[in-house]
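Student: This is the structure, below, for whatever I ask next.
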Amino acid sequence: MSASDAGPDPLAPEAARILEQVQSLIAGEGVAGVSDRAAQDLLLAAVRLFAAKRDQGAPFPAFAADQVTATDVAITCVAMTEVVNLELFELALWHGWSNV
């Protein structure tokens, strides 16, 4: 069953609102007022949801390429791999094995 077949998406309005609010904070240089914990909670929620959907076979990209910079991705990915003590070569191996 695809997400469009499942009925109304309970997170879509909130996700759109949060994305808009974050973009506004970044544009206005208001990120200093956001607690580290709030940023962590938002990232954790997004990572867990994305991984769960991909585990269930939903083949969709993380986001459109024009919505994020390579620097944004690199900073976030390195920080996430440090938390779980995962080396980049291990990540590359895992990705290669998952495509076999």
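Here, A, B, ... name the chains of the structure tokens in the order displayed, residue numbers run from 1 inside each chain, and ligands are numbered from 1 in the same displayed order.
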Run DSSP on the backbone and tell me which residues of segment 11-76 of chain A come out as helix (DSSP H, G or I); list them as a ChimeraX atom specification.

Tutor: /A:12-27,31-33,36-55,65-67,70-76

Student: Which neighbours of Gln21 of chain A fall inside 12 Å, counting only C-alpha atoms, when residues of the same chain fewer than 5 positions from it are skipped, and could you give them as a ChimeraX atom specification?

Tutor: /A:14-16,26-28,30-31,34

Student: Of the candidates A:Ile18, A:Val47, A:Ser24, A:Ala74, which one gets nearest to Leu88 of chain A if we count only C-alpha atoms?

Tutor: A:Ala74
